[in-house]
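S.K.: Dumping the structure here so I can ask a few things about it.
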Amino acid sequence: MSRLASMRWGRMGYVGAAGAGLGSVLFWAGYWFTFIRGNLQGPDFISFYSGAKLFVEKGASAVYDLALQKQYELQVFPHPSDQFVVLPYFHPPYYTLLIAPLAFLDYRSAYYAMAAFDVLLAAALIVLLVRGSERIHGRAAAVAAALIAGFFPLFVTVLQGQSDLVVLVPLAAAYTAWARGRLGWAGIFSGLALAKPQLLLLVPILFLARRAWRALAGFGAVIGAFGVVSVAAFGISPVLDYINSVGRWAIGGKLPTRGLIVYSDSAIYSLRNLLEALPGGAQGVGLAVLILLLALVALSLSWRPDKPRLDFALAIAASLVLSPHQNVHDLALLVIPGFALADLALSGNLRWPRAAAFVLVFSYAAINLTLALSLWSAALGAIAIAVYLTVERMAVRPDPIPLGELGWSGPRPRRVIVLPAYRAAKTLAEVVAEIPPGQADNILLVDDASKDATVSVATALRLAVIRHRRNLGYGGNQKTCYRHALAMGADVVVMLHPDGQYDPAIIPNLCRVIEDGKADIVLGSRWLGLDPAKAGMPWWKRLGNRFLTGAENKVLGLHLSEYHTGYRAYSRRFLEAIPFLENSNDFVFDTQVLIQAATFGFKIGEVPAIGRYHADASSTSFWTSTVYGLETLAALARYVMHRAGFAASWLTPASDADKEALAVGKVAHHGHIQ
């Protein structure tokens with residue numbers, strides 16, 4: 001499918017989601033106007049109203065007295081219906097100060113005032129999200145309006161007079177500030193959103209992972225200010241009681257009970273309750289999945305900061321999923337992750353925009369169908385968004401290093417062919433003879449302590465020869481090759497195996513790609529030439545090659561036909577930039593070089609090559625190939641950890657290869673060179 005068609009399908013998905021949202025808002029608006037004609041027994045707002053009345057009439061110390069709360073609620077509804085549930089007021093002291101003016105109104109008027117305030121907050125939310133979009137334009141406003149207006153949790157928030165919009169609006173302001181790099185304001189606004197602290201567990205973790213000290217300072221300053229105001233208005237004892245209740249609620253699953261009030265948490269669908277509902281051994285599997293999700297989220301939040309909007313969106317979505325308790329209306333906070341997905345996909349800043357469209361439509365549908373299905377459909381919707389954000393957030397692009405223009409040491413590029421040799425006496429003369437005339441300024445052979453006549457043959461052929469006194473391995477041999485090739489003034493370095501496995505005739509093709517400025521590393525790919533099976537490659541090598549190449553393409557975000565060819569050409573600036581001295585001395589050296597190229601943003605080219613498999617060609621055994629495959633996967637895992645902030649020396653561009661031309665001791669850690 002073409003990129004244009006892909007974008008068209010992605011846009012159709014978001015238009016469909018927007019249409020469904022705008023259609024549902026008409027239904028919920030009609031439902032709300034029908035509802036308010038009744039006695040308003042259903043809304044959770046009665047708990048907020050009773051808390052405000054207690055604060056005004058009885059003083060701050062009475063606000064969290066559950067028996068008094070029930071008494072005040074029954075004063076509003078002296079003859080409650082059978083479905084009426086007494087709900088406790090369980091919000092921070094500073095929030096009580098915010099809603100205290102409602103106590104001066106009768107219940108119905110106070111409910112109308114709160115509903116009108118929530119509608120104004122929803123409008124402010126649209127403005128803030130649009131300001132935080134990749135591009136401020138009408139499309140972003142339309143998407144934000146659709147996602148907000150038709151979202152069932154937001155309707156429930158307005159219907160029940162809940163406090164989620166009071167959380168959501170400053171959180172949207174924090175999202176916008178974070179996206180624009182105003183970290184201090186992001187911390188301040190996040191602190192203002194703590195009316196429901198259990199829903200924002202990972203936001204301060206994000207600040208820590210990003211080492212955003214200004215954000216943490218702003219966050220802490222707001223919390224400190226709220227603490228001072230709360231103690232001044234309530235006294236120290238009620239504030240400590242509230243903090244203690246929060247801790248017991250998070251651990252025990254029930255609100256503390258006093259007097260005649262008992263709080264039912266049947267409507268709460270936290271992941272902990274989901275695990276408790278699983279039968280037998282499935283609880284252990286579910287717990288393992290939960291721990292894995294938490295680990296992935298923590299790793300993703302510590303990823304290098306090239307996607308700030310996804311950082312913040314993931315922190316919100318994962319906080320909701322991992323919160324000890326939440327209800328359907330609390331999922332209103334998913335408006336921010338949902339908008340981030342839509343906005344970034346429509347602006348071309350997601351790796352999988354079609355998948356994002358599908359996840360968003362699925363999640364919103366699952367959450368909006370909560371009444372028709374069950375509360376678990378809402379949980380699945382929240383989990384889907386969090387999982388997708390985690391995967392997308394970890395699919396980072398490279399951090400290119402600055403490169404100068406390609407330049408040559410003379411009037412034309414100087415080519416040096418390096419031959420990493422081990423027991424190549426039988427094939428060396430034939431390989432050298434097949435090198436096209438005039439295509440090499442120097443040919444350097446590095447013998448890795450062979451027991452045969454490799455050095456004698458190379459000397460007879462008048463090659464430049466270096467001999468290791470001790471075997472350093474395939475990677476150790478290449479380190480010597482490249483150090484000395486650079487010392488010879490090479491502009492282009494071609495690695496050719498002297499065992500005859502690769503055809504020297506394509507050396508001009510390899511060099512031309514670099515010299516034309518199309519790439520800094522060129523691979524001779526056996527999958528672009530003759531079918532490797534017809535060329536004689538063993539089936540188990542073909543299978544391993546395809547598996548590892550697929551894994552590397554997925555992790556590195558590339559589209560190479562092969563990673564495991566030993567036929568390569570490098571530009572001078574590439575070898576000077578990558579820290580190849582830090583690489584392994586083993587076969588995985590080649591894999592590390594390609595990971596370094598992807599990490600630093602170098603262009604990688606490919607030309608067709610044909611592998612030769614004969615008795616004298618060196619070939620790794622099945623066991624050696626298996627070890628190499630595991631080392632390749634380990635190198636990919638190390639790359640992931642490096643991108644997460646756990647630096648690897650071989651992925652840090654600090655090579656001084658061009659400054660210490662013959663400091664070979666740094667290469668030959670286990671021996672000497674003569």
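Ligands are numbered from 1 in the order shown, residues from 1 within each chain, and chains are lettered A, B, ... in the order they appear in the structure tokens.
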With only C-alpha atoms as the counted atoms, please give the residues lying no more than 8 Å from Ala366 in chain A, apart from itself and same-chain residues fewer than 5 positions off, as a PyMOL selection string.

M.R.: chain A and resi 377-378+380-381

S.K.: With C-alpha atoms retained, export the selected residues as a short mmCIF file (atom, residue, chain, number, x, y, z; two decimals), in the first residue's frame.

M.R.:
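Just written: selection_3.cif:
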data_model
loop_
_atom_site.label_atom_id
_atom_site.label_comp_id
_atom_site.auth_asym_id
_atom_site.auth_seq_id
_atom_site.Cartn_x
_atom_site.Cartn_y
_atom_site.Cartn_z
CA SER A 377 -14.81 -3.27 28.35
CA ALA A 378 -13.76 0.14 29.67
CA LEU A 380 -9.75 -3.10 27.99
CA GLY A 381 -10.08 0.22 26.20
#

S.K.: Taking the DSSP secondary structure from the backbone, can you list the residues of range 442-620 of chain A that are strand (DSSP E or B), as a PyMOL selection string?

M.R.: chain A and resi 442-447+464-468+492-495+502+521-525+568-571+604-608+611

S.K.: Limited to N, CA and C atoms, could you put the picked residues into a file as an mmCIF file, in the first residue's frame?

M.R.:
data_model
loop_
_atom_site.group_PDB
_atom_site.id
_atom_site.type_symbol
_atom_site.label_atom_id
_atom_site.label_comp_id
_atom_site.auth_asym_id
_atom_site.auth_seq_id
_atom_site.Cartn_x
_atom_site.Cartn_y
_atom_site.Cartn_z
ATOM 1 N N ASN A 442 45.758 0.784 -1.871
ATOM 2 C CA ASN A 442 46.534 -0.081 -0.965
ATOM 3 C C ASN A 442 45.699 -1.308 -0.644
ATOM 4 N N ILE A 443 46.398 -2.396 -0.422
ATOM 5 C CA ILE A 443 45.751 -3.618 0.053
ATOM 6 C C ILE A 443 46.468 -4.026 1.332
ATOM 7 N N LEU A 444 45.698 -4.106 2.424
ATOM 8 C CA LEU A 444 46.260 -4.427 3.736
ATOM 9 C C LEU A 444 45.713 -5.759 4.209
ATOM 10 N N LEU A 445 46.610 -6.682 4.527
ATOM 11 C CA LEU A 445 46.200 -7.963 5.112
ATOM 12 C C LEU A 445 46.606 -7.991 6.580
ATOM 13 N N VAL A 446 45.665 -8.351 7.436
ATOM 14 C CA VAL A 446 45.945 -8.526 8.865
ATOM 15 C C VAL A 446 45.736 -9.994 9.189
ATOM 16 N N ASP A 447 46.820 -10.667 9.528
ATOM 17 C CA ASP A 447 46.757 -12.095 9.831
ATOM 18 C C ASP A 447 46.557 -12.285 11.326
ATOM 19 N N ALA A 464 50.610 -5.050 2.002
ATOM 20 C CA ALA A 464 50.956 -4.552 3.335
ATOM 21 C C ALA A 464 50.461 -5.578 4.343
ATOM 22 N N VAL A 465 51.307 -6.013 5.235
ATOM 23 C CA VAL A 465 50.973 -7.130 6.120
ATOM 24 C C VAL A 465 51.185 -6.737 7.578
ATOM 25 N N ILE A 466 50.209 -7.078 8.413
ATOM 26 C CA ILE A 466 50.325 -6.986 9.868
ATOM 27 C C ILE A 466 49.963 -8.355 10.416
ATOM 28 N N ARG A 467 50.747 -8.822 11.381
ATOM 29 C CA ARG A 467 50.485 -10.157 11.931
ATOM 30 C C ARG A 467 50.285 -10.068 13.433
ATOM 31 N N HIS A 468 49.163 -10.595 13.896
ATOM 32 C CA HIS A 468 48.929 -10.708 15.340
ATOM 33 C C HIS A 468 49.731 -11.885 15.879
ATOM 34 N N VAL A 492 37.940 5.576 1.526
ATOM 35 C CA VAL A 492 36.983 4.473 1.467
ATOM 36 C C VAL A 492 37.728 3.208 1.858
ATOM 37 N N VAL A 493 37.140 2.441 2.782
ATOM 38 C CA VAL A 493 37.739 1.186 3.238
ATOM 39 C C VAL A 493 36.802 0.050 2.845
ATOM 40 N N VAL A 494 37.326 -0.929 2.103
ATOM 41 C CA VAL A 494 36.543 -2.101 1.700
ATOM 42 C C VAL A 494 37.064 -3.309 2.463
ATOM 43 N N MET A 495 36.143 -4.009 3.145
ATOM 44 C CA MET A 495 36.535 -5.254 3.806
ATOM 45 C C MET A 495 36.184 -6.421 2.885
ATOM 46 N N TYR A 502 33.505 -14.127 -1.258
ATOM 47 C CA TYR A 502 32.828 -13.041 -1.957
ATOM 48 C C TYR A 502 33.609 -12.660 -3.208
ATOM 49 N N ILE A 521 28.033 3.573 4.580
ATOM 50 C CA ILE A 521 28.345 2.156 4.735
ATOM 51 C C ILE A 521 27.551 1.407 3.671
ATOM 52 N N VAL A 522 28.214 0.512 2.956
ATOM 53 C CA VAL A 522 27.573 -0.233 1.870
ATOM 54 C C VAL A 522 27.790 -1.720 2.119
ATOM 55 N N LEU A 523 26.707 -2.474 1.990
ATOM 56 C CA LEU A 523 26.754 -3.915 2.213
ATOM 57 C C LEU A 523 26.620 -4.647 0.888
ATOM 58 N N GLY A 524 27.414 -5.695 0.715
ATOM 59 C CA GLY A 524 27.223 -6.588 -0.412
ATOM 60 C C GLY A 524 26.233 -7.657 0.000
ATOM 61 N N SER A 525 24.957 -7.490 -0.372
ATOM 62 C CA SER A 525 23.881 -8.356 0.120
ATOM 63 C C SER A 525 23.718 -9.598 -0.753
ATOM 64 N N ARG A 568 31.764 -5.519 2.916
ATOM 65 C CA ARG A 568 31.335 -4.178 3.288
ATOM 66 C C ARG A 568 32.339 -3.130 2.832
ATOM 67 N N ALA A 569 31.818 -1.896 2.692
ATOM 68 C CA ALA A 569 32.674 -0.745 2.442
ATOM 69 C C ALA A 569 32.235 0.379 3.362
ATOM 70 N N TYR A 570 33.211 1.142 3.864
ATOM 71 C CA TYR A 570 32.930 2.213 4.816
ATOM 72 C C TYR A 570 33.595 3.508 4.348
ATOM 73 N N SER A 571 32.939 4.625 4.633
ATOM 74 C CA SER A 571 33.590 5.917 4.410
ATOM 75 C C SER A 571 34.503 6.236 5.584
ATOM 76 N N ILE A 604 22.784 3.702 5.048
ATOM 77 C CA ILE A 604 23.314 2.373 4.733
ATOM 78 C C ILE A 604 22.824 1.986 3.344
ATOM 79 N N GLY A 605 23.762 1.639 2.456
ATOM 80 C CA GLY A 605 23.414 1.219 1.110
ATOM 81 C C GLY A 605 23.651 -0.274 0.923
ATOM 82 N N GLU A 606 23.081 -0.819 -0.132
ATOM 83 C CA GLU A 606 23.256 -2.233 -0.451
ATOM 84 C C GLU A 606 23.469 -2.398 -1.948
ATOM 85 N N VAL A 607 24.335 -3.341 -2.297
ATOM 86 C CA VAL A 607 24.517 -3.722 -3.696
ATOM 87 C C VAL A 607 24.455 -5.249 -3.753
ATOM 88 N N PRO A 608 24.041 -5.822 -4.895
ATOM 89 C CA PRO A 608 23.963 -7.291 -4.989
ATOM 90 C C PRO A 608 25.342 -7.934 -4.879
ATOM 91 N N GLY A 611 27.399 -15.066 -2.642
ATOM 92 C CA GLY A 611 28.254 -15.812 -1.735
ATOM 93 C C GLY A 611 28.752 -17.092 -2.381
#

S.K.: Please extract the residues of range 315-371 of chain A with a backbone DSSP assignment of helix (DSSP H, G or I) and present them as number ranges by chain.

M.R.: A: 315-322, 328-346, 353-368

S.K.: So the first atom is CA of Ser133 in chain A and the second is CA of Leu202 in chain A; what is the distance between them in Å, to one decimal place?

M.R.: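 Separation between CA of Ser133 in chain A and CA of Leu202 in chain A: 22.0 Å.
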
S.K.: Considering only C-alpha atoms, return as a list in words whatever protein or nucleic-acid residues lie within 10 Å of range 203-207 of chain A, sequence-local ones (same chain, fewer than 6 positions apart) excluded.

M.R.: Leu171, Leu183, Ala186, Gly187, Ser190, Gly191, Trp213, Arg214, Ala215, Leu216, Ala217, Phe219, Gly220, Val297, Ala298, Ser300, Leu301, Ser302, Asp311, Phe312, Ala313, Leu314, Ala315, Ile316, Ala318 and Ser319 of chain A

S.K.: Could the residues in this selection be saved with C-alpha atoms as an mmCIF file, in the first residue's frame?

M.R.:
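Contents of the output file again28.cif:
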data_model
loop_
_atom_site.group_PDB
_atom_site.id
_atom_site.type_symbol
_atom_site.label_atom_id
_atom_site.label_comp_id
_atom_site.auth_asym_id
_atom_site.auth_seq_id
_atom_site.Cartn_x
_atom_site.Cartn_y
_atom_site.Cartn_z
ATOM 1 C CA LEU A 171 -3.393 18.351 33.145
ATOM 2 C CA LEU A 183 9.068 22.165 32.067
ATOM 3 C CA ALA A 186 4.371 21.530 33.238
ATOM 4 C CA GLY A 187 5.219 20.691 36.857
ATOM 5 C CA SER A 190 0.481 18.871 37.060
ATOM 6 C CA GLY A 191 0.439 19.806 40.733
ATOM 7 C CA TRP A 213 14.220 19.150 37.740
ATOM 8 C CA ARG A 214 12.289 22.331 36.983
ATOM 9 C CA ALA A 215 9.125 20.292 36.508
ATOM 10 C CA LEU A 216 9.740 18.482 39.791
ATOM 11 C CA ALA A 217 10.395 21.789 41.533
ATOM 12 C CA PHE A 219 5.250 20.123 41.106
ATOM 13 C CA GLY A 220 6.663 20.118 44.637
ATOM 14 C CA VAL A 297 6.180 1.738 30.871
ATOM 15 C CA ALA A 298 9.020 2.664 33.237
ATOM 16 C CA SER A 300 9.650 3.794 27.920
ATOM 17 C CA LEU A 301 9.329 6.848 30.157
ATOM 18 C CA SER A 302 13.104 6.847 30.588
ATOM 19 C CA ASP A 311 5.932 10.879 27.005
ATOM 20 C CA PHE A 312 3.162 12.759 28.747
ATOM 21 C CA ALA A 313 0.328 10.852 27.076
ATOM 22 C CA LEU A 314 1.859 7.539 28.140
ATOM 23 C CA ALA A 315 2.314 8.722 31.736
ATOM 24 C CA ILE A 316 -1.401 9.570 31.921
ATOM 25 C CA ALA A 318 -0.410 4.113 32.269
ATOM 26 C CA SER A 319 -1.360 5.912 35.501
#

S.K.: For Val321 in chain A, which residue among A:Leu240, A:Ile401, A:Leu360, A:Leu200 is the nearest when counting only C-alpha atoms?

M.R.: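 For Val321 in chain A, the nearest of the given residues is A:Leu200.
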
S.K.: In Å, with one decimal, what is the gap from CA of Ile514 in chain A to CA of Asn545 in chain A?

M.R.: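 We find that CA of Ile514 in chain A and CA of Asn545 in chain A lie 25.3 Å from each other.
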
S.K.: Pick the closest to Tyr95 in chain A from A:Ile506, A:Val63, A:Ile236, A:Val640: which is it, counting only C-alpha atoms?

M.R.: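 Checking each of A:Ile506, A:Val63, A:Ile236, A:Val640 against Tyr95 in chain A, counting only C-alpha atoms, the winner is A:Val63.
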
S.K.: Excluding Ser163 in chain A and any residue of its chain fewer than 5 positions from it, enumerate the residues within 9 Å of it, using only C-alpha atoms, and give them as a ChimeraX atom specification.

M.R.: /A:118,157-158,168,195-196,330

S.K.: Name all residues at most 7 Å from range 426-428 of chain A (count only C-alpha atoms; drop same-chain ones fewer than 2 positions away) and give them as a list in words.

M.R.: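 Returned residues: Ala424, Glu430, Val431, Val432, Pro498, Asp499 and Gly500 of chain A.
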
S.K.: What lies within 10 Å of Gly51 in chain A using only C-alpha atoms, ignoring chain neighbours under 2 positions off, as a ChimeraX atom specification?

M.R.: /A:45-49,53-57,60,62-66,68-69,72-73,88-91,96,99-100,102-103

S.K.: Store the residues of this selection in a file with C-alpha atoms, as a CSV table (one decimal), in the first residue's frame.

M.R.:
chain,number,residue,atom,x,y,z
A,45,PHE,CA,-22.5,15.3,43.2
A,46,ILE,CA,-24.4,14.8,46.4
A,47,SER,CA,-21.2,13.7,48.2
A,48,PHE,CA,-19.5,16.9,47.0
A,49,TYR,CA,-22.4,19.0,48.1
A,53,LYS,CA,-22.2,22.0,53.5
A,54,LEU,CA,-20.2,20.3,56.3
A,55,PHE,CA,-17.3,22.6,55.8
A,56,VAL,CA,-19.4,25.8,55.8
A,57,GLU,CA,-21.8,24.8,58.6
A,60,ALA,CA,-13.3,21.7,58.6
A,62,ALA,CA,-16.4,17.6,60.3
A,63,VAL,CA,-15.8,17.2,56.5
A,64,TYR,CA,-14.4,13.7,56.6
A,65,ASP,CA,-16.8,12.4,59.3
A,66,LEU,CA,-18.6,9.7,57.3
A,68,LEU,CA,-22.1,13.2,59.4
A,69,GLN,CA,-21.8,12.9,55.6
A,72,TYR,CA,-26.3,15.5,55.4
A,73,GLU,CA,-27.0,13.4,52.3
A,88,PRO,CA,-18.5,9.4,51.0
A,89,TYR,CA,-16.7,12.7,50.2
A,90,PHE,CA,-13.1,11.7,49.8
A,91,HIS,CA,-11.3,14.6,48.1
A,96,THR,CA,-13.2,21.5,49.5
A,99,ILE,CA,-16.4,23.9,46.0
A,100,ALA,CA,-17.3,25.5,49.3
A,102,LEU,CA,-21.8,25.6,46.4
A,103,ALA,CA,-23.0,25.2,50.0

S.K.: With distances taken over only C-alpha atoms, which residue among A:Val627, A:Ala123, A:Ala342, A:Ala597 lies nearest Leu651 in chain A?

M.R.: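 Among the listed residues, the smallest separation from Leu651 in chain A belongs to A:Ala597.
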
S.K.: So what do you get for CA of Phe152 in chain A versus CA of Ala365 in chain A, distance-wise?

M.R.: 9.5 Å
